Amino acid sequence: MYTPVDPKQNFPKLEEEVLAFWEANDTFKRSIAIREGSDEYVFYDGPPFATGLPHFGHFVPGTIKDIIPRYQTMRGKKVERRFGWDCHGLPVEYEMEKELGISGKREIESFGIAKFNESCRSIVLRYVKEWRKIVTRMGRWVDFDNDYKTMDPDYMESIWWVVKQLWEKGLLYEGFYILPYCPRCSTVLSNHELNLGGYQDVHDPAITVKFRLLDEPDTYILAWTTTPWTLPSNLALALGPEIVYVKVKDGPENYILAKDRLSAYYKSEKEYQILWEKKGKELVGIQYEPLFPYFAHLKDKKAFRTLMGDFVSTEDGTGIVHIAPGFGEDDYRILQGTGVPVICPIDEECKFTEEVKDYKGSFVKDADKAIIKRLKEERKVVKHEQYLHAYPHCWRCKSPLIYRAISSWFVNISKIKDRMIATNQEIYWMPEHIKDGRFGKWLEGAREWAISRNRYWGNPIPIWKCDTCGDLECIGSREELKSRSGVYPKDLHKHFVDDITWKCFCGGTKRRIPEVLDCWFESGAMPYAQNHYPFENKEHFEKHFPADFICESLDQTRGWFYTLHVLATALFDKPAFLHNITSGLVLASDGKKMSKSARNYTDPVDVINTYGAEALRLFLMRSAVVRAEEIRYNDEGVKETLKTVIIPLWNAYSFYVTYANIDQIFPTSGPEEPSNPLDQWILSELERLIDEVTREMDRYDLMRAIEPLVDFIDLLNNWYIRRSRRRFWRSENDYDKRQAYETLYWVLLTFSKVAAPILPFITEAIYRNLRSPEMPESVHLTDYPVAQLEKRNLALEQKMKFVRRAVTMGRALRSMHGIKVRQPLKALHLVTKDPEERRILREMEDIIREELNVKEVVFRENEEDLVEYKAKPNYRVLGKALGKDMRRAAEKIEALTFKEIQSLLEGSTLVIDIGRDLEITKDSIEVRRIEKENLKVLNEGSLTVALDPELTEDLKAEGIVRDIVRAVQTLRKDMDLEVTDRIELFLHTQDPDVQDAVEEFQEYLMNETLAVSVRWNKKGTLRTAPCGDSTCAIGLVKAS
RNA sequence: GGGCCUGUAGCUCAGUUGGUUAGAGCACUUCUCUGAUAAGGAAGGGGUCACUAGUUCGACUCUAGUCAGGCCCA
């Protein structure tokens, strides 16, 4: 006996029950344990920050990360799944600053780095419990007990090892990075912070200054700047290679500037005389006199020359850009490799240093005035104006930011770029375009990776520098640190290791450089660090690298996917992962980003409690969001998924259990040799389903793997069960009935396995009820079904499709005639010229007859009196061969007469004139059949269907009784009778036709409604039912 | 400004080497079926396949450009 099924199942409740079962039986751990010794399928989980709660954006990759491992497990692989946490980084520091009410570098330092870091440590895992709860509630199986954290000392030590590997391979170097910097907070701002603060319009001085050419003392290059304070640091001038420049004579002096900019400096053409015109690229390497004396000695290092820069434009200024490499990204890059050094003569608070001695100690922006005054006195300024522009400000203190060179550590990407591009070719990407598109293009254009951060809560870069000779040493482990310093730190955070020093061979002291690592570096090193490689688990690591599969959303192409790839390529010359699914963004239903403040989406917990996690999962997985496209989330979609997929599946299952319990038939396998075509057909469809789902899952195409499941549920419900329904409760043929049960049992059991990775809850519930005791206790512990293609009957699948088409047309005809299906009709005429089609239809005659409620199906061959023919060329066949003649052939073919088409259909060949003779046959054309007017027939393709609408007295009477049956059944249901309950039936009507009809079909009526008696009386629960053209009062009493 | 993705019915989206009636679901109207169903079925309305140009006998599909949206980068 099966546990009875509630047809009004509450799915969130069902899910809770399944979760409780998994929990109680440790099903997840067992699913891994039972595969011990099998091939492993390696999965890496990308670590989220736990500073916020999971939301819809996490559910998409989260669900994919559940489905694929479940699937691989059922395919026989051992799939370990460890959750991980990203613990370091700015988000945590901000959170802490907010909480402590402090802000910025100086305040953190006066608060105390040790105290600050320990506070960060204490809040990082604040939401871990909630994460675990929600992730688990979503049905995801992942190991939280054995999770990795990037702040664990072991994890951090492996990172040191990774850094040391890069160091030894010569892939680490110290350089400069031009970054926005807040002079008041004395701190670098990240990109994110830059966006926080925003741009504000400010007035700045804009001056145009004269640079005197070395070889032509009367000629000056004009350059324009809004940061006069950077002029003392000028080391070059940049021109645009394609920009046209002119040398103009203006009084005793000559000036060089962009031709397009002349009008900004002269009101009239009479004020100057053009001496020559040249493109920028002809003006490379011109030497000029330094504006200020401070760095004049750099002339020996090729400073003070003109260069080409593609960033130069003629929108502002003179079309010539003053270059100070310490104060601008473009400036810095253009001088890289030229030998000109980077100078940045300002201190932590952006005050000039000793190097610019005249302005030493004054804040750079405050020095603008003095600098302009001096240049004016030296007659080096041609124009001085005010300039209004958008300028970035600090989000903390609102001060205008200064772009300046910051000493940073870099991974030398250009050295390994070619290998990164090569190893990317070994990765399978879903969707495919990411490989050579977004990710591939990003690799090609990859820039040097700055891995140092001037922060506190992070993994300290394990490099020690001598304060005397500058010698550098990279430390790769705690042991190594101990061997140098004698100290074995129990923790590797900044406040534990910064005080560790030792004596350099030169007599100086080795001290750690102050920076910590970019937290992306830490997550990218996760394959090694999660296992404390190479200090432990060497063998384990070697078997678990690279990963078979990872999945995250699109933004990670530049994030985790990238850093994993860089480090794996740098360390092992391999990709870090072999298959990747990239998911898209989840937007709110208004097409905008989901935002808490805009309240434009429902709390996920409410969605789960209303419709269930399964409906939510399925809704997401059926959409293109699993192919990196964005999705608009709305509750309606989840609701619809529940209504159209999950509930119908449940109903099929509930139907089976209800009747199997009544009949006490409990199969343990499918039918040996099914004889009913419906059984053969659905079993064939089942093999097809397994085949298709397996194929698409193996291609990592979830959307395409899910569609066959949805289609199958529809076929099962709306054809197999619908057409087999009576077989389950009609007792005449026990053999056929047994086979029906066996078939439906097998289909449901197998389906639960096929769909288990995708619908883990409902399939578990179905499987657990249907399984026999020797089967594993959970569907997730079973082996995935393997398609047995030899069991497929392709011809039968085709036939059934054809039959369903005939039925569809029959139904349409009924509504054309205005005759409802309950009214039996004499005959349906099926007309086709194709003898094979006629044979198929004849085989399935019973199904058609029952479905359309007709007494007879008549097969005919002659369609000519029902339809007209019209010919269209078969472009696919003729097009390639005919080319330009196609148009003329099309005209001729469309003009073919009825007779000509008919003879083609009968197999003859016809010659048409298209300027030459062209032989055409049946295959060269497509015949359209058009129903003749005034005839109630329908045609589709080769099949034409007509209905005999004549109603005899007998048919009418049967129709009346079926109306009564229908009304009784509805009433039974409304009275909540069991399907097996017997009734006493009472009828009352004045209409003699109804009375006669009931008399004639009384046995049928009693059989159908399980009535033990029919009496003419008014009694019991009453209802008036329309039947035929009149009505009948119906009364019911449950029989004792 | 650059790279990638997207643009098809009121809404959400399919559309597999280019082939002539562009599909589905939801929603809407009318009718209908049901002894599992919260369902199912039939008919109907609703489309310049973002736009422009090109390649081709033929373009939703290929190419180029434009416009709009998104993500990432600058």
# chains A, B, ... in the order shown; residues from 1 in each chain; ligands from 1
>>> select_by_dssp(residues="stretch 555-643 of chain A", states="strand (DSSP E or B)", output="list in words")
Phe577, Leu578, His579, Asn580, Ile581, Thr582, Ser583, Val586, Leu587, Lys593, Ile631 and Arg632 of chain A
>>> residues_around(residues="stretch 30-32 of chain B", least_positions_apart="2", cutoff="10 Å", atoms="only C-alpha atoms (C1' of nucleotides)", output="list in words")
Arg811, Arg814, Ser815, Met816, Gly818, Ile819, Lys820, Val821 and Arg822 of chain A; G41, A42, A43 and G44 of chain B
>>> select_by_dssp(residues="stretch 646-844 of chain A", states="alpha helix (DSSP H)", output="VMD selection string")
chain A and resid 647 to 663 677 to 698 702 to 715 722 to 729 734 to 755 760 to 770 794 to 817 835 to 843
>>> write_last_selection(atoms="C-alpha atoms", output="compact mmCIF listing (two decimals), in the first residue's frame")
# COMPACT_ATOMS: atom_id res chain seq x y z
CA ILE A 647 1.40 20.43 -10.02
CA PRO A 648 0.75 18.41 -13.20
CA LEU A 649 3.61 16.09 -12.28
CA TRP A 650 2.16 15.73 -8.83
CA ASN A 651 -1.25 14.97 -10.30
CA ALA A 652 0.07 12.19 -12.50
CA TYR A 653 1.68 10.70 -9.42
CA SER A 654 -1.39 11.22 -7.27
CA PHE A 655 -3.58 9.59 -9.94
CA TYR A 656 -1.36 6.56 -9.98
CA VAL A 657 -1.21 6.17 -6.21
CA THR A 658 -4.96 6.64 -5.77
CA TYR A 659 -5.90 3.89 -8.20
CA ALA A 660 -3.06 1.54 -7.37
CA ASN A 661 -4.20 1.63 -3.76
CA ILE A 662 -7.80 0.92 -4.78
CA ASP A 663 -6.81 -1.95 -7.03
CA PRO A 677 0.19 0.82 -28.10
CA LEU A 678 -0.23 3.57 -25.50
CA ASP A 679 2.10 1.73 -23.14
CA GLN A 680 4.59 1.05 -25.90
CA TRP A 681 4.44 4.65 -26.88
CA ILE A 682 5.00 6.26 -23.48
CA LEU A 683 7.82 3.83 -22.72
CA SER A 684 9.45 4.78 -25.99
CA GLU A 685 9.00 8.44 -25.15
CA LEU A 686 10.61 7.74 -21.79
CA GLU A 687 13.75 6.42 -23.45
CA ARG A 688 13.79 9.46 -25.66
CA LEU A 689 13.52 11.64 -22.59
CA ILE A 690 16.48 9.97 -20.90
CA ASP A 691 18.51 10.28 -24.07
CA GLU A 692 17.77 13.96 -24.58
CA VAL A 693 18.22 15.03 -20.99
CA THR A 694 21.50 13.13 -20.67
CA ARG A 695 22.83 14.63 -23.87
CA GLU A 696 22.00 18.20 -22.88
CA MET A 697 23.23 17.78 -19.32
CA ASP A 698 26.50 16.51 -20.70
CA LEU A 702 20.37 23.28 -18.55
CA MET A 703 17.72 25.12 -20.48
CA ARG A 704 17.71 22.45 -23.16
CA ALA A 705 17.90 19.66 -20.60
CA ILE A 706 14.81 20.89 -18.81
CA GLU A 707 12.51 21.44 -21.77
CA PRO A 708 12.16 17.69 -22.54
CA LEU A 709 11.18 17.11 -18.92
CA VAL A 710 8.43 19.68 -19.16
CA ASP A 711 7.25 18.31 -22.50
CA PHE A 712 7.21 14.81 -21.11
CA ILE A 713 4.99 15.74 -18.20
CA ASP A 714 2.55 17.16 -20.71
CA LEU A 715 2.58 14.00 -22.85
CA ARG A 722 -5.99 10.94 -20.40
CA ARG A 723 -6.32 8.18 -22.97
CA SER A 724 -5.51 5.36 -20.53
CA ARG A 725 -7.72 6.61 -17.74
CA ARG A 726 -10.47 4.04 -18.13
CA ARG A 727 -7.93 1.23 -18.21
CA PHE A 728 -7.19 1.95 -14.56
CA TRP A 729 -10.69 1.54 -13.27
CA ASP A 734 -7.16 -7.55 -15.88
CA TYR A 735 -4.18 -8.18 -18.11
CA ASP A 736 -4.40 -4.79 -19.79
CA LYS A 737 -5.03 -3.11 -16.49
CA ARG A 738 -1.97 -4.71 -14.91
CA GLN A 739 0.14 -3.53 -17.83
CA ALA A 740 -1.21 -0.02 -17.49
CA TYR A 741 -0.18 0.03 -13.85
CA GLU A 742 3.22 -1.42 -14.60
CA THR A 743 3.79 1.12 -17.31
CA LEU A 744 2.76 4.13 -15.29
CA TYR A 745 4.73 2.88 -12.31
CA TRP A 746 7.85 2.49 -14.37
CA VAL A 747 7.43 5.83 -16.05
CA LEU A 748 6.98 7.69 -12.78
CA LEU A 749 9.85 5.89 -11.07
CA THR A 750 12.22 6.47 -13.96
CA PHE A 751 11.09 10.03 -14.41
CA SER A 752 11.80 10.75 -10.76
CA LYS A 753 15.40 9.70 -11.35
CA VAL A 754 15.81 11.60 -14.60
CA ALA A 755 14.46 14.78 -13.06
CA PRO A 760 15.26 17.28 -6.04
CA PHE A 761 12.28 17.62 -3.72
CA ILE A 762 9.24 16.39 -5.60
CA THR A 763 11.16 13.56 -7.21
CA GLU A 764 12.33 12.45 -3.79
CA ALA A 765 8.75 12.40 -2.51
CA ILE A 766 7.55 10.41 -5.52
CA TYR A 767 10.46 8.01 -5.47
CA ARG A 768 10.24 7.35 -1.76
CA ASN A 769 6.61 6.31 -2.03
CA LEU A 770 7.05 4.17 -5.14
CA LEU A 794 10.62 5.82 -33.50
CA ALA A 795 7.88 4.80 -35.89
CA LEU A 796 5.41 4.60 -33.04
CA GLU A 797 6.45 8.01 -31.76
CA GLN A 798 5.79 9.41 -35.22
CA LYS A 799 2.48 7.60 -35.49
CA MET A 800 1.25 8.96 -32.21
CA LYS A 801 2.19 12.44 -33.27
CA PHE A 802 0.17 11.93 -36.42
CA VAL A 803 -2.79 10.57 -34.49
CA ARG A 804 -2.73 13.50 -32.13
CA ARG A 805 -2.79 15.78 -35.12
CA ALA A 806 -5.85 14.00 -36.50
CA VAL A 807 -7.53 14.31 -33.11
CA THR A 808 -6.74 17.99 -32.88
CA MET A 809 -8.38 18.51 -36.23
CA GLY A 810 -11.36 16.44 -35.20
CA ARG A 811 -11.85 18.61 -32.16
CA ALA A 812 -11.64 21.71 -34.27
CA LEU A 813 -14.27 20.29 -36.59
CA ARG A 814 -16.59 19.60 -33.70
CA SER A 815 -16.46 23.21 -32.67
CA MET A 816 -17.01 24.28 -36.28
CA HIS A 817 -20.20 22.21 -36.25
CA PRO A 835 -1.52 4.52 -47.88
CA GLU A 836 1.06 4.47 -45.03
CA GLU A 837 -0.77 7.24 -43.25
CA ARG A 838 -4.05 5.42 -43.66
CA ARG A 839 -2.50 2.31 -42.18
CA ILE A 840 -1.25 4.17 -39.13
CA LEU A 841 -4.56 5.83 -38.52
CA ARG A 842 -6.37 2.55 -38.82
CA GLU A 843 -4.10 1.01 -36.19
>>> interface_residues(of="chain B", to="chain A", cutoff="7 Å", atoms="only C-alpha atoms (C1' of nucleotides)", output="short mmCIF file (atom, residue, chain, number, x, y, z; two decimals) with N, CA, C and O atoms (P, O5', C5', C4', C3', O3' and C1' of nucleotides), in the first residue's frame")
data_model
loop_
_atom_site.label_atom_id
_atom_site.label_comp_id
_atom_site.auth_asym_id
_atom_site.auth_seq_id
_atom_site.Cartn_x
_atom_site.Cartn_y
_atom_site.Cartn_z
P G B 3 35.33 47.49 -29.79
"O5'" G B 3 35.28 46.34 -28.71
"C5'" G B 3 36.41 45.48 -28.52
"C4'" G B 3 36.12 44.50 -27.42
"C3'" G B 3 34.82 43.74 -27.56
"O3'" G B 3 34.93 42.64 -28.46
"C1'" G B 3 34.99 44.57 -25.37
P C B 4 33.68 42.25 -29.37
"O5'" C B 4 32.73 41.53 -28.32
"C5'" C B 4 33.12 40.32 -27.70
"C4'" C B 4 32.21 40.01 -26.55
"C3'" C B 4 30.73 39.92 -26.89
"O3'" C B 4 30.38 38.70 -27.52
"C1'" C B 4 30.99 41.20 -24.94
P G B 19 16.19 28.73 -43.50
"O5'" G B 19 15.40 28.79 -44.88
"C5'" G B 19 14.52 29.87 -45.16
"C4'" G B 19 13.53 29.48 -46.22
"C3'" G B 19 12.92 28.10 -46.03
"O3'" G B 19 11.60 28.15 -46.54
"C1'" G B 19 14.05 28.15 -48.09
P U B 32 -20.39 25.45 -24.59
"O5'" U B 32 -19.19 24.41 -24.64
"C5'" U B 32 -19.16 23.40 -25.65
"C4'" U B 32 -17.86 22.64 -25.57
"C3'" U B 32 -17.69 21.76 -24.35
"O3'" U B 32 -18.35 20.52 -24.51
"C1'" U B 32 -15.68 22.97 -24.75
P G B 35 -16.12 12.47 -15.89
"O5'" G B 35 -15.60 11.83 -14.56
"C5'" G B 35 -15.27 12.65 -13.46
"C4'" G B 35 -14.33 11.91 -12.56
"C3'" G B 35 -13.22 11.17 -13.26
"O3'" G B 35 -12.12 11.14 -12.36
"C1'" G B 35 -14.47 9.65 -12.03
P A B 36 -10.73 11.03 -12.93
"O5'" A B 36 -10.03 12.07 -11.96
"C5'" A B 36 -9.94 11.83 -10.58
"C4'" A B 36 -8.68 12.45 -10.07
"C3'" A B 36 -8.52 13.91 -10.47
"O3'" A B 36 -9.16 14.76 -9.53
"C1'" A B 36 -6.55 12.73 -11.00
P U B 37 -9.98 16.03 -10.03
"O5'" U B 37 -8.85 17.08 -10.37
"C5'" U B 37 -7.85 17.39 -9.39
"C4'" U B 37 -6.73 18.12 -10.07
"C3'" U B 37 -7.18 19.30 -10.92
"O3'" U B 37 -7.29 20.44 -10.10
"C1'" U B 37 -5.63 17.97 -12.13
P A B 38 -8.46 21.45 -10.31
"O5'" A B 38 -7.77 22.70 -10.98
"C5'" A B 38 -8.13 24.02 -10.60
"C4'" A B 38 -6.89 24.90 -10.50
"C3'" A B 38 -5.78 24.51 -11.48
"O3'" A B 38 -5.19 25.70 -11.98
"C1'" A B 38 -4.96 24.52 -9.28
P G B 40 -3.45 23.98 -18.84
"O5'" G B 40 -4.15 22.79 -19.61
"C5'" G B 40 -3.51 21.54 -19.71
"C4'" G B 40 -4.39 20.57 -20.45
"C3'" G B 40 -4.90 21.06 -21.79
"O3'" G B 40 -3.93 20.95 -22.80
"C1'" G B 40 -6.68 20.11 -20.59
P A B 42 -5.85 22.29 -29.23
"O5'" A B 42 -7.23 22.83 -29.79
"C5'" A B 42 -8.00 22.03 -30.67
"C4'" A B 42 -9.22 22.78 -31.10
"C3'" A B 42 -8.97 24.18 -31.64
"O3'" A B 42 -8.56 24.16 -32.99
"C1'" A B 42 -10.73 24.25 -30.09
P C B 57 21.66 35.51 -57.04
"O5'" C B 57 20.08 35.41 -56.83
"C5'" C B 57 19.20 36.01 -57.79
"C4'" C B 57 17.78 35.58 -57.48
"C3'" C B 57 17.35 35.79 -56.04
"O3'" C B 57 16.88 37.10 -55.82
"C1'" C B 57 16.81 33.59 -56.72
P C B 71 24.01 47.18 -15.67
"O5'" C B 71 25.19 46.14 -15.89
"C5'" C B 71 25.08 44.82 -15.37
"C4'" C B 71 26.19 43.96 -15.91
"C3'" C B 71 27.60 44.51 -15.69
"O3'" C B 71 28.07 44.23 -14.39
"C1'" C B 71 27.37 43.81 -17.93
P C B 72 28.99 45.32 -13.67
"O5'" C B 72 30.36 45.18 -14.46
"C5'" C B 72 31.13 43.99 -14.33
"C4'" C B 72 32.17 43.92 -15.41
"C3'" C B 72 33.22 45.04 -15.41
"O3'" C B 72 34.20 44.84 -14.42
"C1'" C B 72 32.49 44.66 -17.61
#
>>> atom_distance(atom1="atom CA of A:Ser485", atom2="atom CA of A:Ile406")
29.1 Å
>>> closest_residue(among="A:Ile893, A:Trp449, A:Ala1025, A:Lys826", to="A:Glu950", atoms="only C-alpha atoms")
A:Lys826
>>> atom_distance(atom1="atom CA of A:Tyr245", atom2="atom CA of A:Gly280")
6.5 Å
>>> closest_residue(among="B:G10, B:C5, B:G15, B:C67", to="B:G45", atoms="only C-alpha atoms (C1' of nucleotides)")
B:G10
>>> atom_distance(atom1="atom CA of A:Leu375", atom2="atom CA of A:Leu291")
8.6 Å
>>> residues_around(residues="A:Ser407", least_positions_apart="4", cutoff="8 Å", atoms="only C-alpha atoms (C1' of nucleotides)", output="MDAnalysis selection string")
chainID A and resid 174:177
>>> residues_around(residues="A:Leu866", least_positions_apart="2", cutoff="10 Å", atoms="only C-alpha atoms (C1' of nucleotides)", output="ChimeraX atom specification")
/A:831,862-864,868,929-939,944-946
